[in-house]
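Asker: You'll find my_file-v2.cif just under this line, and it carries mmCIF, C-alpha atoms and all ligand atoms.
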data_work
loop_
_atom_site.group_PDB
_atom_site.id
_atom_site.type_symbol
_atom_site.label_atom_id
_atom_site.label_comp_id
_atom_site.auth_asym_id
_atom_site.auth_seq_id
_atom_site.Cartn_x
_atom_site.Cartn_y
_atom_site.Cartn_z
ATOM 1 C CA MET A 1 331.017 44.691 -11.161
ATOM 2 C CA SER A 2 334.337 45.548 -9.503
ATOM 3 C CA ASN A 3 334.570 48.377 -7.018
ATOM 4 C CA GLU A 4 338.210 49.082 -7.867
ATOM 5 C CA ILE A 5 339.106 52.703 -8.417
ATOM 6 C CA THR A 6 342.366 54.355 -9.435
ATOM 7 C CA ASN A 7 343.694 57.597 -7.935
ATOM 8 C CA TYR A 8 340.995 57.445 -5.288
ATOM 9 C CA ARG A 9 340.149 60.800 -3.704
ATOM 10 C CA GLY A 10 337.568 60.635 -0.969
ATOM 11 C CA ARG A 11 336.392 62.991 1.744
ATOM 12 C CA PHE A 12 334.517 63.433 4.989
ATOM 13 C CA ALA A 13 332.493 66.630 5.042
ATOM 14 C CA PRO A 14 331.082 67.347 8.514
ATOM 15 C CA SER A 15 328.887 70.363 9.217
ATOM 16 C CA PRO A 16 330.107 72.076 12.389
ATOM 17 C CA SER A 17 326.633 72.397 13.860
ATOM 18 C CA GLY A 18 327.702 70.369 16.900
ATOM 19 C CA PRO A 19 330.342 67.886 18.092
ATOM 20 C CA LEU A 20 330.935 64.575 16.332
ATOM 21 C CA HIS A 21 328.365 61.974 17.403
ATOM 22 C CA PHE A 22 328.323 58.250 16.712
ATOM 23 C CA GLY A 23 326.377 58.647 13.419
ATOM 24 C CA SER A 24 329.025 60.975 11.996
ATOM 25 C CA LEU A 25 331.774 58.680 13.286
ATOM 26 C CA VAL A 26 330.283 55.901 11.141
ATOM 27 C CA ALA A 27 330.348 58.204 8.083
ATOM 28 C CA ALA A 28 333.917 59.276 8.849
ATOM 29 C CA MET A 29 335.001 55.649 9.292
ATOM 30 C CA GLY A 30 333.311 54.369 6.123
ATOM 31 C CA SER A 31 334.812 57.104 3.959
ATOM 32 C CA TYR A 32 338.250 56.770 5.599
ATOM 33 C CA LEU A 33 338.527 53.005 5.377
ATOM 34 C CA ASP A 34 337.245 52.840 1.834
ATOM 35 C CA ALA A 35 339.830 55.419 0.727
ATOM 36 C CA ARG A 36 342.739 53.963 2.717
ATOM 37 C CA HIS A 37 341.946 50.382 1.696
ATOM 38 C CA ALA A 38 342.295 51.490 -1.935
ATOM 39 C CA GLY A 39 345.552 53.364 -1.155
ATOM 40 C CA GLY A 40 343.691 56.614 -1.794
ATOM 41 C CA ILE A 41 343.669 60.175 -0.528
ATOM 42 C CA TRP A 42 341.220 61.160 2.231
ATOM 43 C CA LEU A 43 340.293 64.772 2.805
ATOM 44 C CA VAL A 44 338.322 66.616 5.451
ATOM 45 C CA ARG A 45 336.083 69.447 4.299
ATOM 46 C CA MET A 46 334.422 71.634 6.901
ATOM 47 C CA GLU A 47 330.920 72.378 5.617
ATOM 48 C CA ASP A 48 330.543 75.595 7.563
ATOM 49 C CA LEU A 49 328.502 77.366 4.932
ATOM 50 C CA ASP A 50 325.220 77.343 6.825
ATOM 51 C CA THR A 51 326.413 80.019 9.246
ATOM 52 C CA PRO A 52 323.138 80.273 11.214
ATOM 53 C CA ARG A 53 323.600 76.616 12.213
ATOM 54 C CA VAL A 54 327.343 76.707 12.851
ATOM 55 C CA LYS A 55 328.123 76.397 16.576
ATOM 56 C CA PRO A 56 331.129 78.181 18.072
ATOM 57 C CA ALA A 57 334.184 75.904 18.342
ATOM 58 C CA ALA A 58 332.315 72.925 16.831
ATOM 59 C CA ALA A 59 334.769 72.669 13.906
ATOM 60 C CA ASP A 60 337.747 72.535 16.287
ATOM 61 C CA LYS A 61 335.974 69.985 18.459
ATOM 62 C CA ILE A 62 335.230 67.769 15.447
ATOM 63 C CA LEU A 63 338.869 67.914 14.337
ATOM 64 C CA ALA A 64 340.092 67.158 17.873
ATOM 65 C CA THR A 65 337.796 64.112 17.951
ATOM 66 C CA LEU A 66 339.000 62.893 14.561
ATOM 67 C CA GLU A 67 342.571 63.176 15.828
ATOM 68 C CA ALA A 68 341.791 61.421 19.113
ATOM 69 C CA PHE A 69 340.222 58.600 17.090
ATOM 70 C CA GLY A 70 343.375 58.273 14.978
ATOM 71 C CA PHE A 71 342.066 59.609 11.650
ATOM 72 C CA GLU A 72 344.794 61.152 9.488
ATOM 73 C CA TRP A 73 343.774 63.424 6.661
ATOM 74 C CA ASP A 74 345.758 64.441 3.612
ATOM 75 C CA GLU A 75 346.077 67.989 2.312
ATOM 76 C CA LYS A 76 344.786 71.165 3.904
ATOM 77 C CA ILE A 77 341.268 71.215 5.343
ATOM 78 C CA LEU A 78 338.905 73.042 2.999
ATOM 79 C CA ARG A 79 336.503 75.400 4.730
ATOM 80 C CA GLN A 80 333.470 76.420 2.732
ATOM 81 C CA ASN A 81 333.087 79.692 4.558
ATOM 82 C CA ASN A 82 335.974 81.532 2.908
ATOM 83 C CA PRO A 83 336.164 84.175 0.158
ATOM 84 C CA HIS A 84 337.724 81.835 -2.445
ATOM 85 C CA ARG A 85 334.926 79.355 -2.088
ATOM 86 C CA SER A 86 332.298 82.144 -2.156
ATOM 87 C CA ASP A 87 333.770 83.258 -5.506
ATOM 88 C CA ALA A 88 333.601 79.702 -6.802
ATOM 89 C CA TYR A 89 329.931 79.394 -5.763
ATOM 90 C CA ARG A 90 329.142 82.761 -7.359
ATOM 91 C CA GLN A 91 330.790 81.635 -10.593
ATOM 92 C CA ALA A 92 328.759 78.441 -10.566
ATOM 93 C CA LEU A 93 325.557 80.468 -10.124
ATOM 94 C CA ALA A 94 326.616 82.728 -13.013
ATOM 95 C CA LYS A 95 327.213 79.672 -15.193
ATOM 96 C CA LEU A 96 323.771 78.314 -14.349
ATOM 97 C CA ALA A 97 322.242 81.739 -15.113
ATOM 98 C CA ALA A 98 324.057 81.875 -18.473
ATOM 99 C CA ARG A 99 322.423 78.532 -19.328
ATOM 100 C CA ASP A 100 319.036 79.894 -18.239
ATOM 101 C CA ALA A 101 318.913 77.015 -15.765
ATOM 102 C CA ILE A 102 317.893 79.056 -12.698
ATOM 103 C CA TYR A 103 315.179 81.520 -11.738
ATOM 104 C CA ARG A 104 314.134 83.653 -8.814
ATOM 105 C CA CYS A 105 311.351 82.490 -6.568
ATOM 106 C CA ALA A 106 309.163 84.340 -4.070
ATOM 107 C CA CYS A 107 307.360 81.373 -2.531
ATOM 108 C CA THR A 108 307.537 80.761 1.192
ATOM 109 C CA ARG A 109 307.970 77.276 2.652
ATOM 110 C CA LYS A 110 304.410 77.495 3.998
ATOM 111 C CA GLU A 111 302.987 78.237 0.530
ATOM 112 C CA ILE A 112 304.905 75.326 -0.987
ATOM 113 C CA ASN A 113 303.735 72.955 1.745
ATOM 114 C CA GLU A 114 300.142 74.027 1.164
ATOM 115 C CA SER A 115 300.198 73.607 -2.603
ATOM 116 C CA GLY A 116 302.860 70.941 -3.087
ATOM 117 C CA VAL A 117 302.599 67.206 -3.449
ATOM 118 C CA PRO A 118 304.696 65.217 -0.901
ATOM 119 C CA GLY A 119 308.090 64.413 -2.412
ATOM 120 C CA VAL A 120 311.321 62.646 -1.441
ATOM 121 C CA GLU A 121 312.162 65.469 0.939
ATOM 122 C CA GLY A 122 309.312 67.744 1.904
ATOM 123 C CA SER A 123 306.836 68.987 -0.678
ATOM 124 C CA VAL A 124 307.519 68.995 -4.401
ATOM 125 C CA TYR A 125 307.954 72.575 -5.595
ATOM 126 C CA PRO A 126 304.863 73.288 -7.730
ATOM 127 C CA GLY A 127 306.648 75.635 -10.160
ATOM 128 C CA THR A 128 304.751 78.788 -9.179
ATOM 129 C CA CYS A 129 307.574 81.215 -10.071
ATOM 130 C CA ARG A 130 308.959 79.317 -13.058
ATOM 131 C CA ILE A 131 307.752 81.848 -15.614
ATOM 132 C CA LYS A 132 307.814 84.878 -13.337
ATOM 133 C CA PRO A 133 307.351 85.509 -9.607
ATOM 134 C CA PRO A 134 303.939 87.073 -8.817
ATOM 135 C CA ALA A 135 304.013 90.884 -9.149
ATOM 136 C CA GLY A 136 304.905 92.808 -5.998
ATOM 137 C CA ARG A 137 306.560 89.853 -4.237
ATOM 138 C CA ALA A 138 310.239 89.899 -3.259
ATOM 139 C CA ALA A 139 311.913 86.963 -5.018
ATOM 140 C CA LYS A 140 314.956 86.177 -2.918
ATOM 141 C CA THR A 141 315.415 82.454 -3.462
ATOM 142 C CA ILE A 142 317.066 81.017 -6.576
ATOM 143 C CA ARG A 143 315.922 77.648 -7.925
ATOM 144 C CA VAL A 144 317.183 75.309 -10.625
ATOM 145 C CA ARG A 145 314.815 74.490 -13.445
ATOM 146 C CA THR A 146 314.601 70.697 -13.495
ATOM 147 C CA ASP A 147 313.130 68.563 -16.257
ATOM 148 C CA ASP A 148 311.513 65.164 -16.551
ATOM 149 C CA THR A 149 314.688 63.337 -17.529
ATOM 150 C CA GLY A 150 315.146 60.500 -15.056
ATOM 151 C CA ILE A 151 318.409 60.566 -13.118
ATOM 152 C CA GLY A 152 319.938 57.200 -12.355
ATOM 153 C CA PHE A 153 323.123 56.023 -10.687
ATOM 154 C CA ARG A 154 324.467 52.805 -9.248
ATOM 155 C CA ASP A 155 325.136 53.301 -5.583
ATOM 156 C CA LEU A 156 327.970 50.999 -4.482
ATOM 157 C CA ILE A 157 325.972 49.945 -1.395
ATOM 158 C CA CYS A 158 322.301 50.626 -2.175
ATOM 159 C CA GLY A 159 322.315 49.508 -5.825
ATOM 160 C CA GLU A 160 320.458 51.125 -8.735
ATOM 161 C CA ILE A 161 318.802 54.395 -7.757
ATOM 162 C CA GLN A 162 316.416 56.241 -10.055
ATOM 163 C CA GLN A 163 314.764 59.556 -9.441
ATOM 164 C CA GLN A 164 312.721 61.876 -11.569
ATOM 165 C CA VAL A 165 313.790 65.115 -9.960
ATOM 166 C CA LEU A 166 311.001 67.259 -11.448
ATOM 167 C CA SER A 167 308.145 65.145 -10.101
ATOM 168 C CA GLU A 168 309.801 63.762 -6.949
ATOM 169 C CA CYS A 169 311.488 66.911 -5.725
ATOM 170 C CA GLY A 170 310.764 69.743 -8.140
ATOM 171 C CA ASP A 171 312.890 72.779 -8.960
ATOM 172 C CA PHE A 172 315.246 72.987 -5.997
ATOM 173 C CA ILE A 173 317.002 75.817 -4.208
ATOM 174 C CA VAL A 174 320.593 76.742 -5.042
ATOM 175 C CA ARG A 175 320.595 80.088 -3.249
ATOM 176 C CA ARG A 176 318.562 80.557 -0.116
ATOM 177 C CA ALA A 177 316.427 83.555 0.796
ATOM 178 C CA ASP A 178 319.107 84.628 3.317
ATOM 179 C CA GLY A 179 321.598 84.876 0.431
ATOM 180 C CA LEU A 180 323.583 81.768 1.398
ATOM 181 C CA VAL A 181 324.447 79.232 -1.268
ATOM 182 C CA ALA A 182 322.538 76.003 -0.708
ATOM 183 C CA TYR A 183 324.310 72.793 0.311
ATOM 184 C CA GLN A 184 323.393 71.063 -2.987
ATOM 185 C CA LEU A 185 325.330 73.586 -5.068
ATOM 186 C CA ALA A 186 328.282 74.035 -2.701
ATOM 187 C CA VAL A 187 328.863 70.279 -2.354
ATOM 188 C CA VAL A 188 328.916 69.776 -6.130
ATOM 189 C CA VAL A 189 331.330 72.680 -6.681
ATOM 190 C CA ASP A 190 333.602 71.521 -3.843
ATOM 191 C CA ASP A 191 333.614 67.818 -4.726
ATOM 192 C CA ALA A 192 334.756 68.802 -8.247
ATOM 193 C CA PHE A 193 337.264 71.365 -6.931
ATOM 194 C CA GLN A 194 338.845 68.757 -4.652
ATOM 195 C CA GLY A 195 338.865 66.111 -7.390
ATOM 196 C CA ILE A 196 336.703 63.746 -5.326
ATOM 197 C CA ASN A 197 335.970 60.628 -7.352
ATOM 198 C CA ARG A 198 334.186 58.550 -4.714
ATOM 199 C CA VAL A 199 331.772 59.937 -2.128
ATOM 200 C CA VAL A 200 331.074 57.692 0.873
ATOM 201 C CA ARG A 201 328.522 59.273 3.241
ATOM 202 C CA GLY A 202 325.308 58.667 5.168
ATOM 203 C CA ALA A 203 322.169 57.352 3.472
ATOM 204 C CA ASP A 204 320.248 60.495 4.474
ATOM 205 C CA LEU A 205 321.893 62.017 1.386
ATOM 206 C CA LEU A 206 320.764 59.259 -0.966
ATOM 207 C CA PHE A 207 317.849 61.406 -2.148
ATOM 208 C CA SER A 208 320.079 64.449 -2.612
ATOM 209 C CA THR A 209 322.425 62.684 -4.996
ATOM 210 C CA PRO A 210 320.147 62.957 -8.078
ATOM 211 C CA ARG A 211 319.912 66.735 -7.486
ATOM 212 C CA GLN A 212 323.682 66.856 -7.257
ATOM 213 C CA ILE A 213 323.963 64.920 -10.521
ATOM 214 C CA VAL A 214 321.569 67.423 -12.166
ATOM 215 C CA LEU A 215 323.914 70.242 -11.117
ATOM 216 C CA GLN A 216 327.033 68.346 -12.221
ATOM 217 C CA LYS A 217 325.503 67.926 -15.680
ATOM 218 C CA LEU A 218 324.484 71.590 -15.931
ATOM 219 C CA LEU A 219 327.925 72.768 -14.794
ATOM 220 C CA GLY A 220 329.861 70.263 -16.929
ATOM 221 C CA LEU A 221 331.433 68.632 -13.845
ATOM 222 C CA PRO A 222 332.260 64.926 -13.436
ATOM 223 C CA THR A 223 329.975 62.698 -11.357
ATOM 224 C CA PRO A 224 331.872 60.811 -8.633
ATOM 225 C CA GLU A 225 330.940 57.282 -7.591
ATOM 226 C CA TYR A 226 328.615 57.170 -4.589
ATOM 227 C CA ALA A 227 328.273 54.794 -1.650
ATOM 228 C CA HIS A 228 325.633 55.610 0.990
ATOM 229 C CA LEU A 229 326.229 54.105 4.427
ATOM 230 C CA PRO A 230 323.493 52.911 6.795
ATOM 231 C CA LEU A 231 322.266 55.549 9.221
ATOM 232 C CA VAL A 232 322.527 55.178 12.962
ATOM 233 C CA LYS A 233 319.094 55.463 14.567
ATOM 234 C CA ASP A 234 318.098 56.295 18.118
ATOM 235 C CA ALA A 235 315.730 54.137 20.201
ATOM 236 C CA ASN A 236 312.757 55.758 18.425
ATOM 237 C CA GLY A 237 314.131 54.886 14.996
ATOM 238 C CA ARG A 238 315.146 58.475 14.218
ATOM 239 C CA LYS A 239 318.494 59.309 12.620
ATOM 240 C CA LEU A 240 321.102 60.442 15.151
ATOM 241 C CA SER A 241 321.873 64.028 14.324
ATOM 242 C CA LYS A 242 323.439 67.093 15.838
ATOM 243 C CA GLN A 243 319.998 68.708 15.691
ATOM 244 C CA SER A 244 318.536 65.939 17.845
ATOM 245 C CA LEU A 245 321.433 66.576 20.257
ATOM 246 C CA ALA A 246 322.923 63.107 19.885
ATOM 247 C CA GLN A 247 325.629 62.496 22.493
ATOM 248 C CA PRO A 248 329.150 63.334 21.305
ATOM 249 C CA VAL A 249 331.576 60.417 21.131
ATOM 250 C CA ASN A 250 334.089 60.252 23.965
ATOM 251 C CA ASN A 251 337.592 61.367 22.932
ATOM 252 C CA ALA A 252 339.078 59.703 26.007
ATOM 253 C CA HIS A 253 337.796 56.224 25.004
ATOM 254 C CA PRO A 254 337.899 55.928 21.237
ATOM 255 C CA LEU A 255 338.256 52.159 20.918
ATOM 256 C CA PRO A 256 334.743 51.030 21.986
ATOM 257 C CA ALA A 257 333.121 53.512 19.587
ATOM 258 C CA LEU A 258 335.496 52.517 16.766
ATOM 259 C CA LEU A 259 334.607 48.853 17.262
ATOM 260 C CA ALA A 260 330.885 49.626 17.442
ATOM 261 C CA ALA A 261 331.077 51.649 14.198
ATOM 262 C CA TRP A 262 333.050 48.833 12.544
ATOM 263 C CA ARG A 263 330.319 46.329 13.565
ATOM 264 C CA LEU A 264 327.552 48.611 12.324
ATOM 265 C CA LEU A 265 329.326 48.698 8.970
ATOM 266 C CA GLY A 266 328.943 44.918 8.769
ATOM 267 C CA GLN A 267 332.662 44.150 8.963
ATOM 268 C CA VAL A 268 334.337 40.965 10.182
ATOM 269 C CA LYS A 269 334.867 40.548 13.944
ATOM 270 C CA PRO A 270 338.445 41.104 15.158
ATOM 271 C CA GLU A 271 340.094 37.747 15.964
ATOM 272 C CA HIS A 272 342.316 39.303 18.635
ATOM 273 C CA ASP A 273 342.196 42.252 21.044
ATOM 274 C CA LEU A 274 343.048 45.613 19.606
ATOM 275 C CA GLY A 275 344.683 47.819 22.213
ATOM 276 C CA ASN A 276 344.346 51.325 20.789
ATOM 277 C CA PRO A 277 343.149 53.262 17.721
ATOM 278 C CA ASN A 278 346.474 52.834 15.905
ATOM 279 C CA GLU A 279 346.262 49.082 16.267
ATOM 280 C CA PHE A 280 342.630 49.219 15.195
ATOM 281 C CA TRP A 281 343.367 51.119 11.956
ATOM 282 C CA ALA A 282 346.406 48.998 11.085
ATOM 283 C CA TRP A 283 344.208 45.914 11.426
ATOM 284 C CA ALA A 284 341.045 47.400 9.866
ATOM 285 C CA VAL A 285 342.386 49.036 6.688
ATOM 286 C CA PRO A 286 343.380 45.778 4.933
ATOM 287 C CA LYS A 287 340.256 43.975 6.242
ATOM 288 C CA TRP A 288 337.730 46.575 4.985
ATOM 289 C CA LYS A 289 335.116 45.268 2.543
ATOM 290 C CA LEU A 290 332.654 47.739 1.055
ATOM 291 C CA SER A 291 330.615 44.768 -0.192
ATOM 292 C CA GLN A 292 329.868 43.814 3.467
ATOM 293 C CA VAL A 293 328.274 47.152 4.365
ATOM 294 C CA PRO A 294 324.522 46.658 4.838
ATOM 295 C CA LYS A 295 322.025 48.687 2.832
ATOM 296 C CA ASP A 296 319.955 51.157 4.800
ATOM 297 C CA SER A 297 316.696 49.419 4.021
ATOM 298 C CA SER A 298 314.479 52.149 5.485
ATOM 299 C CA MET A 299 316.007 54.716 3.140
ATOM 300 C CA VAL A 300 316.087 52.423 0.149
ATOM 301 C CA SER A 301 312.453 51.395 0.639
ATOM 302 C CA ARG A 302 311.405 55.045 0.535
ATOM 303 C CA LEU A 303 312.567 54.944 -3.063
ATOM 304 C CA ASN A 304 310.284 51.955 -3.747
ATOM 305 C CA LEU A 305 313.274 49.734 -4.392
ATOM 306 C CA PRO A 306 313.735 46.214 -3.001
ATOM 307 C CA ALA A 307 315.380 46.281 0.420
ATOM 308 C CA ASP A 308 317.781 43.403 -0.298
HETATM 309 N N1 LIG B 401 327.802 68.116 5.722
HETATM 310 C C1 LIG B 401 326.947 66.971 5.612
HETATM 311 C C2 LIG B 401 326.684 66.405 7.008
HETATM 312 O O1 LIG B 401 327.385 66.749 7.963
HETATM 313 C C3 LIG B 401 327.526 65.878 4.727
HETATM 314 C C4 LIG B 401 327.520 66.278 3.300
HETATM 315 C C5 LIG B 401 328.087 65.265 2.326
HETATM 316 O O2 LIG B 401 328.787 64.333 2.752
HETATM 317 O O3 LIG B 401 327.845 65.444 1.131
HETATM 318 O O4 LIG B 401 325.765 65.640 7.158
#
What would the structure in this file look like if it were written as C-alpha cells?
Ligand code: GLU

Answerer:
Amino acid sequence: MSNEITNYRGRFAPSPSGPLHFGSLVAAMGSYLDARHAGGIWLVRMEDLDTPRVKPAAADKILATLEAFGFEWDEKILRQNNPHRSDAYRQALAKLAARDAIYRCACTRKEINESGVPGVEGSVYPGTCRIKPPAGRAAKTIRVRTDDTGIGFRDLICGEIQQQVLSECGDFIVRRADGLVAYQLAVVVDDAFQGINRVVRGADLLFSTPRQIVLQKLLGLPTPEYAHLPLVKDANGRKLSKQSLAQPVNNAHPLPALLAAWRLLGQVKPEHDLGNPNEFWAWAVPKWKLSQVPKDSSMVSRLNLPAD
C-alpha cells in the first residue's frame, strides 16, 4: 500500500515537562521529515495542559532547541493551556455527556490497582462506578464508557494494530480528579482542530491510539493516519524520558545528535560530510523513507503481534 498523502498536515507535540532530550529529538525529526518529504505542513503544539508537570521555561527551552537544530515550523504554535482550548475541551466533554458516553467515577488509583486485571497500561478499570459511584464518595474523575468493539488501525511503521479497549484498558479517564482534561481527550480535539492528517510520534503512544480512535468516533472527528517511531532506550532498556531526567541535547552541537537520530530512524548513511544543520536538512528531506524506519519490537510484542 502506498504511503502517499495529499495536503499533509503533521505536528510535533512536546510536553514542556523538561528540556528536549534525544528521544524527543527522534520524534521531532521523524514527524518533520515525513511532513517535509511529502511537501506538507509541520506544526508545533505545546502540550502544556498537565500544569503540575510543566517546568518553568521548559517550553521556551524546547523551542530554542528546535531552532538551534534547524527545525522550521509553519503557523502559530498552539498552546493547550489557553482559554480557547479550554472551551474546546469543555465542549467536547459536553458532547460526550450528551451521548451518554461518560460518567463520574470515585475510584482511587490504589483501588483500581487492587481490583483490576493488568492491561496495556496499568490496570484495566473494573467498571465499579459505571452504573453509579458508591454512595457518599466524591466522584471527581470522568471516564468514557467503552464497549467490546475491537479497534483496529494500520500503523504505517508497526503494521496492523488491534485492541479491545474495554478488556485491555477499560473505561478511561477524560477528566482527571484535579479537574484537568486528560491527554487522550485534548490530543484528539487538538489534532482535529489543527487538521492533522498524519501523526508521527513515539511508540510509547501506540497503546493510546485505540483510545484516541474511540474518542474520534464518539465526537464525529476524522482519524488521522498514524506512524509510531521506535523509542530511544537508556542502558537499562528504559525509555528516555523527561521524568527519568534524560540529558538534554546540546544546542551548541546539533549535527552529531541529528546524525544519530537519523541513524536510529534506519535511514541511509550520508555519502559526504554535512557541515551544519541546514546542509543536513537539505540533504535529508529528499532522502527520507518512512518504509526504512524500524518497528519498535518491544512495544509491538506487548501487543502480541509479530515483531517483524
Ligand atoms: N506530548 C506527548 C509527549 O511529549 C506527545 C503526544 C503526542 O504526540 O500525541 O510525549

Asker: Hey, can you check how far CA of Gly18 in chain A sits from CA of Val54 in chain A?

Answerer: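 CA of Val54 in chain A lies at a distance of 7.5 Å from CA of Gly18 in chain A.
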
Asker: Just the number, please: distance in Å from CA of Gly170 in chain A to CA of Pro118 in chain A, one decimal.

Answerer: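 Between CA of Gly170 in chain A and CA of Pro118 in chain A the gap is 10.5 Å.
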
Asker: Which residues form the shell of 6 Å around ligand LIG 401 (chain B) when you count all atoms listed in the file, given as a list in words?

Answerer: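 Those residues are Ala13, Pro14, Ser15, Glu47 and Arg201 of chain A.
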
Asker: Report as a ChimeraX atom specification the residues that result from applying the PyMOL selection byres (((chain A and resi 263) around 12) and not hetatm) to the structure here.

Answerer: /A:26,29-30,230,232,256-262,264-270,284,288,292-294

Asker: Identify which of the residues A:Thr128, A:Thr141, A:Gln212, A:Asn236 lies closest to Ile112 in chain A, counting only C-alpha atoms when measuring atom-to-atom distances.

Answerer: A:Thr128

Asker: Applying the PyMOL selection byres (((chain A and resi 132) around 12) and not hetatm) to the file I just gave you, which residues come out? Please list them as a PDB file with C-alpha atoms, keeping the file's coordinate frame.

Answerer:
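This is the output file result22.pdb:
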ATOM      1  CA  ILE A 102     317.893  79.056 -12.698  1.00  0.00           C
ATOM      2  CA  TYR A 103     315.179  81.520 -11.738  1.00  0.00           C
ATOM      3  CA  ARG A 104     314.134  83.653  -8.814  1.00  0.00           C
ATOM      4  CA  CYS A 105     311.351  82.490  -6.568  1.00  0.00           C
ATOM      5  CA  ALA A 106     309.163  84.340  -4.070  1.00  0.00           C
ATOM      6  CA  CYS A 107     307.360  81.373  -2.531  1.00  0.00           C
ATOM      7  CA  GLY A 127     306.648  75.635 -10.160  1.00  0.00           C
ATOM      8  CA  THR A 128     304.751  78.788  -9.179  1.00  0.00           C
ATOM      9  CA  CYS A 129     307.574  81.215 -10.071  1.00  0.00           C
ATOM     10  CA  ARG A 130     308.959  79.317 -13.058  1.00  0.00           C
ATOM     11  CA  ILE A 131     307.752  81.848 -15.614  1.00  0.00           C
ATOM     12  CA  PRO A 133     307.351  85.509  -9.607  1.00  0.00           C
ATOM     13  CA  PRO A 134     303.939  87.073  -8.817  1.00  0.00           C
ATOM     14  CA  ALA A 135     304.013  90.884  -9.149  1.00  0.00           C
ATOM     15  CA  GLY A 136     304.905  92.808  -5.998  1.00  0.00           C
ATOM     16  CA  ARG A 137     306.560  89.853  -4.237  1.00  0.00           C
ATOM     17  CA  ALA A 138     310.239  89.899  -3.259  1.00  0.00           C
ATOM     18  CA  ALA A 139     311.913  86.963  -5.018  1.00  0.00           C
TER      19      ALA A 139
END

Asker: Would you work out the distance separating CA of His37 in chain A from CA of Leu231 in chain A, expressed in Å to one decimal?

Answerer: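 It comes out at 21.7 Å.
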
Asker: Residues near Val200 in chain A, anyone? I mean within 8 Å using only C-alpha atoms, not counting same-chain ones fewer than 3 positions away, as a list in words.

Answerer: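 Everything that qualifies: Gly10, Arg11, Phe12, Ala27, Gly30, Ser31, Asp34, Tyr226, Ala227, His228 and Leu229 of chain A.
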
Asker: Using all atoms listed in the file, which of the listed residues (A:Ala203, A:Ala58, A:Ile213, A:Ala94) sits closest to Phe153 in chain A?

Answerer: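 The closest residue to Phe153 in chain A is A:Ile213.
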
Asker: From the options A:Leu255, A:Ile142, A:Leu33, A:Leu290, which residue's atoms come nearest to Leu274 in chain A, counting all atoms listed in the file?

Answerer: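 With all atoms listed in the file as the atom set, the closest residue is A:Leu255.
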
Asker: Can you tell me, as a list in words, what residues are no more than 8 Å from Ser167 in chain A when counting only C-alpha atoms, ignoring any on the same chain fewer than 6 positions away?

Answerer: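 Close residues of Ser167 in chain A: Gly119, Val124 and Asp148 of chain A.
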
Asker: Given the PyMOL selection byres (((chain A and resi 278) around 12) and not hetatm) and the file above, list the residues it selects as a list in words.

Answerer: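 That selection, the PyMOL selection byres (((chain A and resi 278) around 12) and not hetatm), comes back as Glu67, Ala68, Phe69, Gly70, Phe71, Glu72, Pro254, Leu255, Leu258, Leu274, Gly275, Asn276, Pro277, Glu279, Phe280, Trp281, Ala282, Trp283, Ala284 and Val285 of chain A.
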
Asker: Excluding same-chain residues fewer than 2 positions from range 179-196 of chain A, what lies within 8 Å of it counting only C-alpha atoms, as a PDB file with C-alpha atoms, in the coordinates of the input?

Answerer:
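Written output follows (around_17.pdb):
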ATOM      1  CA  TYR A   8     340.995  57.445  -5.288  1.00  0.00           C
ATOM      2  CA  ARG A   9     340.149  60.800  -3.704  1.00  0.00           C
ATOM      3  CA  GLY A  10     337.568  60.635  -0.969  1.00  0.00           C
ATOM      4  CA  ARG A  11     336.392  62.991   1.744  1.00  0.00           C
ATOM      5  CA  LEU A  49     328.502  77.366   4.932  1.00  0.00           C
ATOM      6  CA  ASP A  50     325.220  77.343   6.825  1.00  0.00           C
ATOM      7  CA  GLN A  80     333.470  76.420   2.732  1.00  0.00           C
ATOM      8  CA  ALA A  88     333.601  79.702  -6.802  1.00  0.00           C
ATOM      9  CA  TYR A  89     329.931  79.394  -5.763  1.00  0.00           C
ATOM     10  CA  ALA A  92     328.759  78.441 -10.566  1.00  0.00           C
ATOM     11  CA  LYS A 140     314.956  86.177  -2.918  1.00  0.00           C
ATOM     12  CA  THR A 141     315.415  82.454  -3.462  1.00  0.00           C
ATOM     13  CA  ILE A 173     317.002  75.817  -4.208  1.00  0.00           C
ATOM     14  CA  VAL A 174     320.593  76.742  -5.042  1.00  0.00           C
ATOM     15  CA  ARG A 175     320.595  80.088  -3.249  1.00  0.00           C
ATOM     16  CA  ARG A 176     318.562  80.557  -0.116  1.00  0.00           C
ATOM     17  CA  ALA A 177     316.427  83.555   0.796  1.00  0.00           C
ATOM     18  CA  ARG A 198     334.186  58.550  -4.714  1.00  0.00           C
ATOM     19  CA  VAL A 199     331.772  59.937  -2.128  1.00  0.00           C
ATOM     20  CA  SER A 208     320.079  64.449  -2.612  1.00  0.00           C
ATOM     21  CA  ARG A 211     319.912  66.735  -7.486  1.00  0.00           C
ATOM     22  CA  GLN A 212     323.682  66.856  -7.257  1.00  0.00           C
ATOM     23  CA  LEU A 215     323.914  70.242 -11.117  1.00  0.00           C
ATOM     24  CA  GLN A 216     327.033  68.346 -12.221  1.00  0.00           C
ATOM     25  CA  LEU A 221     331.433  68.632 -13.845  1.00  0.00           C
ATOM     26  CA  PRO A 222     332.260  64.926 -13.436  1.00  0.00           C
ATOM     27  CA  PRO A 224     331.872  60.811  -8.633  1.00  0.00           C
TER      28      PRO A 224
END

Asker: Just the residues within 10 Å of Lys95 in chain A, please, counting all atoms listed in the file, with nothing from its chain fewer than 5 positions along; format it as a PDB file with C-alpha atoms, in the frame of the given file.

Answerer:
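Produced file selection-v3.pdb, reproduced below:
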ATOM      1  CA  TYR A  89     329.931  79.394  -5.763  1.00  0.00           C
ATOM      2  CA  ARG A  90     329.142  82.761  -7.359  1.00  0.00           C
ATOM      3  CA  ASP A 100     319.036  79.894 -18.239  1.00  0.00           C
ATOM      4  CA  ALA A 101     318.913  77.015 -15.765  1.00  0.00           C
ATOM      5  CA  ILE A 102     317.893  79.056 -12.698  1.00  0.00           C
ATOM      6  CA  LEU A 218     324.484  71.590 -15.931  1.00  0.00           C
ATOM      7  CA  LEU A 219     327.925  72.768 -14.794  1.00  0.00           C
ATOM      8  CA  GLY A 220     329.861  70.263 -16.929  1.00  0.00           C
TER       9      GLY A 220
END

Asker: Under the rule that all atoms listed in the file are counted, which of A:Thr209, A:Leu66, A:Pro286, A:Phe22 is the nearest residue to Arg154 in chain A?

Answerer: A:Thr209
